[in-house]
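Remarks on the structure that follows.
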Amino acid sequence: MSFSKKEEKAIYLPVEIAPGFHAIDLALHATADDCLILSDLQLGMEEMYNNAGVMIPRFNFSEIKVHLEKVFGLRNTFSHIILNGDVKHGFGNASNQEWREVIQLLELLSTHAERITIVKGNHDIALEPIARFAKVHLNRDGIFLEKSNTFVCHGHEVPKTEEFERAKTIVIGHDHPAIELQEGATRQKYKCFLVGTYQKKRLIALPSFNFAAPGSDPRISALSPFLKQNLNHFRTWLVEDTVYDFGLLEDLP
């Protein structure tokens with residue numbers, strides 16, 4: 001498979017990756033519920049590395065805002081925005097960078113949504129004080145979207161709720177899927193959406209909305225219990241200047 005798809009000039013528009021679900025850059029829009037879903041921003045990652053002696057520049061939040069501008073340039077307001085887990089990076093108490101950037105993020109999103117909800121991820125152990133301060137609801141198990149019959153959860157564990165059981169579509173984050181492709185001597189990793197099934201339900205795995213780490217190739221390893229299965233039947237949607245259908249995972253080189 002050639003990278004020539006990436007070389008074609010594309011007009012950036014929302015791309016339907018499953019019936020009723022459109023990819024807008026690295027975010028997912030559940031159209032029936034008018035809900036925008038972002039996952040794994042992991043704000044504050046740089047301060048944690050800096051404190052450990054790894055001197056990386058602090059650019060993740062700036063890049064997040066650039067990509068959010070692209071999303072909101074296509075659609076300015078949504079009824080609901082869900083941050084689907086791992087909003088902050090550290091497992092412990094929130095750092096200064098985490099406090100500052102999470103609050104700024106929520107202030108920004110509040111100008112583009114009637115309602116904001118955070119689904120708690122495995123990195124969000126100490127997110128409650130920030131959520132309380134910002135007056136944003138923090139949901140532990142996940143959120144059921146009535147109109148699209150969709151359950152949104154972080155994906156580090158399988159929920160045990162009635163709403164999860166009756167949902168037809170599951171949306172997860174957690175794994176940061178990114179496909180590494182090679183053409184000649186060039187190797188490059190691309191963030192991607194994965195669309196397949198889990199126990200007869202449609203499953204959509206979101207790419208991370210952070211830019212300090214590219215993500216992990218699901219063909220090599222998967223962390224989420226939802227993805228600990230044969231993934232060959234999953235369809236891969238690569239995100240670059242637009243969103244590209246790269247076919248089934250089993251057909252990628």
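Ligands are numbered from 1 in the order shown, residues from 1 within each chain, and chains are lettered A, B, ... in the order they appear in the structure tokens.
The protein and nucleic acid residues lying at most 10 Å from Asp33 of chain A are A:Gly20, A:Phe78, A:Ser79, A:His80, A:Leu145, A:Glu146, A:Lys147, A:Ser148, A:Asn149, A:Thr150, with only C-alpha atoms considered and sequence neighbours fewer than 5 positions away removed.
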Excluding same-chain residues fewer than 4 positions from segment 91-108 of chain A, what lies within 8 Å of it counting only C-alpha atoms, as a short mmCIF file (atom, residue, chain, number, x, y, z; two decimals) with all heavy atoms, in the first residue's frame?
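The new file selection09.cif reads:
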data_model
loop_
_atom_site.label_atom_id
_atom_site.label_comp_id
_atom_site.auth_asym_id
_atom_site.auth_seq_id
_atom_site.Cartn_x
_atom_site.Cartn_y
_atom_site.Cartn_z
N LEU A 43 -3.15 16.15 29.63
CA LEU A 43 -2.54 17.45 29.93
C LEU A 43 -1.59 17.32 31.12
O LEU A 43 -1.82 16.55 32.05
CB LEU A 43 -3.64 18.47 30.23
CG LEU A 43 -4.59 18.77 29.06
CD1 LEU A 43 -5.78 19.60 29.53
CD2 LEU A 43 -3.85 19.48 27.94
N GLY A 44 -0.53 18.09 31.05
CA GLY A 44 0.46 18.06 32.13
C GLY A 44 1.55 17.03 31.96
O GLY A 44 2.41 16.88 32.83
N GLU A 47 5.29 18.44 32.36
CA GLU A 47 5.79 18.75 33.70
C GLU A 47 6.24 17.48 34.43
O GLU A 47 7.25 17.48 35.13
CB GLU A 47 4.72 19.47 34.53
CG GLU A 47 5.22 19.87 35.91
CD GLU A 47 4.25 20.78 36.66
OE1 GLU A 47 3.37 21.39 36.02
OE2 GLU A 47 4.39 20.88 37.89
N PHE A 61 -0.51 21.27 24.98
CA PHE A 61 -1.75 22.04 25.08
C PHE A 61 -1.88 23.03 23.92
O PHE A 61 -2.98 23.24 23.39
CB PHE A 61 -1.81 22.77 26.42
CG PHE A 61 -3.13 23.44 26.70
CD1 PHE A 61 -4.33 22.81 26.41
CD2 PHE A 61 -3.18 24.71 27.25
CE1 PHE A 61 -5.55 23.42 26.66
CE2 PHE A 61 -4.39 25.33 27.51
CZ PHE A 61 -5.58 24.69 27.20
N VAL A 87 -7.89 13.00 30.98
CA VAL A 87 -7.78 14.43 30.70
C VAL A 87 -6.43 14.93 31.18
O VAL A 87 -5.78 15.74 30.53
CB VAL A 87 -8.93 15.20 31.37
CG1 VAL A 87 -8.79 16.70 31.12
CG2 VAL A 87 -10.28 14.70 30.87
N HIS A 112 -18.22 26.52 23.40
CA HIS A 112 -18.62 25.77 22.20
C HIS A 112 -19.62 24.66 22.49
O HIS A 112 -19.93 23.87 21.60
CB HIS A 112 -17.39 25.17 21.52
CG HIS A 112 -16.42 26.19 21.01
ND1 HIS A 112 -16.61 26.88 19.83
CD2 HIS A 112 -15.25 26.65 21.54
CE1 HIS A 112 -15.61 27.71 19.63
NE2 HIS A 112 -14.77 27.59 20.65
N ASN A 122 -8.28 6.06 33.70
CA ASN A 122 -7.40 5.49 34.71
C ASN A 122 -6.32 6.48 35.17
O ASN A 122 -5.77 6.34 36.27
CB ASN A 122 -6.75 4.20 34.19
CG ASN A 122 -5.98 4.39 32.90
OD1 ASN A 122 -6.54 4.88 31.91
ND2 ASN A 122 -4.73 3.99 32.88
N HIS A 123 -6.03 7.51 34.38
CA HIS A 123 -5.08 8.55 34.80
C HIS A 123 -5.75 9.63 35.66
O HIS A 123 -5.05 10.48 36.21
CB HIS A 123 -4.45 9.22 33.58
CG HIS A 123 -3.35 8.44 32.95
ND1 HIS A 123 -2.02 8.78 33.05
CD2 HIS A 123 -3.38 7.31 32.20
CE1 HIS A 123 -1.27 7.91 32.38
NE2 HIS A 123 -2.09 7.01 31.85
N ASP A 124 -7.07 9.60 35.75
CA ASP A 124 -7.81 10.71 36.38
C ASP A 124 -8.16 10.44 37.84
O ASP A 124 -9.20 10.87 38.33
CB ASP A 124 -9.10 10.98 35.58
CG ASP A 124 -8.81 11.44 34.17
OD1 ASP A 124 -7.82 12.17 33.97
OD2 ASP A 124 -9.56 11.06 33.26
N ILE A 125 -7.27 9.76 38.54
CA ILE A 125 -7.54 9.38 39.93
C ILE A 125 -7.81 10.62 40.79
O ILE A 125 -8.69 10.61 41.64
CB ILE A 125 -6.34 8.58 40.49
CG1 ILE A 125 -6.20 7.25 39.72
CG2 ILE A 125 -6.50 8.34 41.99
CD1 ILE A 125 -4.92 6.51 40.02
N ALA A 126 -7.06 11.70 40.56
CA ALA A 126 -7.18 12.89 41.40
C ALA A 126 -7.74 14.07 40.62
O ALA A 126 -7.36 15.23 40.86
CB ALA A 126 -5.82 13.25 41.99
N LEU A 127 -8.68 13.80 39.72
CA LEU A 127 -9.26 14.87 38.91
C LEU A 127 -10.43 15.57 39.61
O LEU A 127 -10.82 16.67 39.22
CB LEU A 127 -9.72 14.31 37.56
CG LEU A 127 -10.16 15.30 36.49
CD1 LEU A 127 -9.03 16.25 36.11
CD2 LEU A 127 -10.67 14.57 35.26
N ILE A 130 -10.37 19.43 40.48
CA ILE A 130 -10.43 20.31 39.31
C ILE A 130 -11.85 20.34 38.76
O ILE A 130 -12.37 21.41 38.42
CB ILE A 130 -9.44 19.85 38.22
CG1 ILE A 130 -8.02 19.83 38.75
CG2 ILE A 130 -9.53 20.77 37.00
CD1 ILE A 130 -6.98 19.33 37.75
N ALA A 134 -14.27 23.62 38.47
CA ALA A 134 -14.81 24.06 37.18
C ALA A 134 -16.31 23.82 37.05
O ALA A 134 -16.90 24.21 36.04
CB ALA A 134 -14.07 23.34 36.05
#
Practice problem: Name the residues of segment 90-216 of chain A that fall into helix (DSSP H, G or I) according to DSSP on the backbone, using the chain letters and numbers of this document, as a list in words. | Solution: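 Checking each residue of segment 90-216 of chain A, the helix (DSSP H, G or I) ones are Asn96, Gln97, Glu98, Trp99, Arg100, Glu101, Val102, Ile103, Gln104, Leu105, Leu106, Glu107, Leu108, Leu109, Ser110, Glu128, Pro129, Ile130, Ala131, Arg132, Phe133, Ala134, Glu162, Glu163, Phe164, Glu165 and Arg166 of chain A.
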Practice problem: Show which residues sit within 12 Å of Phe193 of chain A, as an MDAnalysis selection string. Count only C-alpha atoms, and ignore same-chain residues fewer than 2 positions away. | Solution: chainID A and resid 15:18 21:28 38:39 171:173 175:179 190:191 195:196 203:209 215 217:218 234:240 243:249
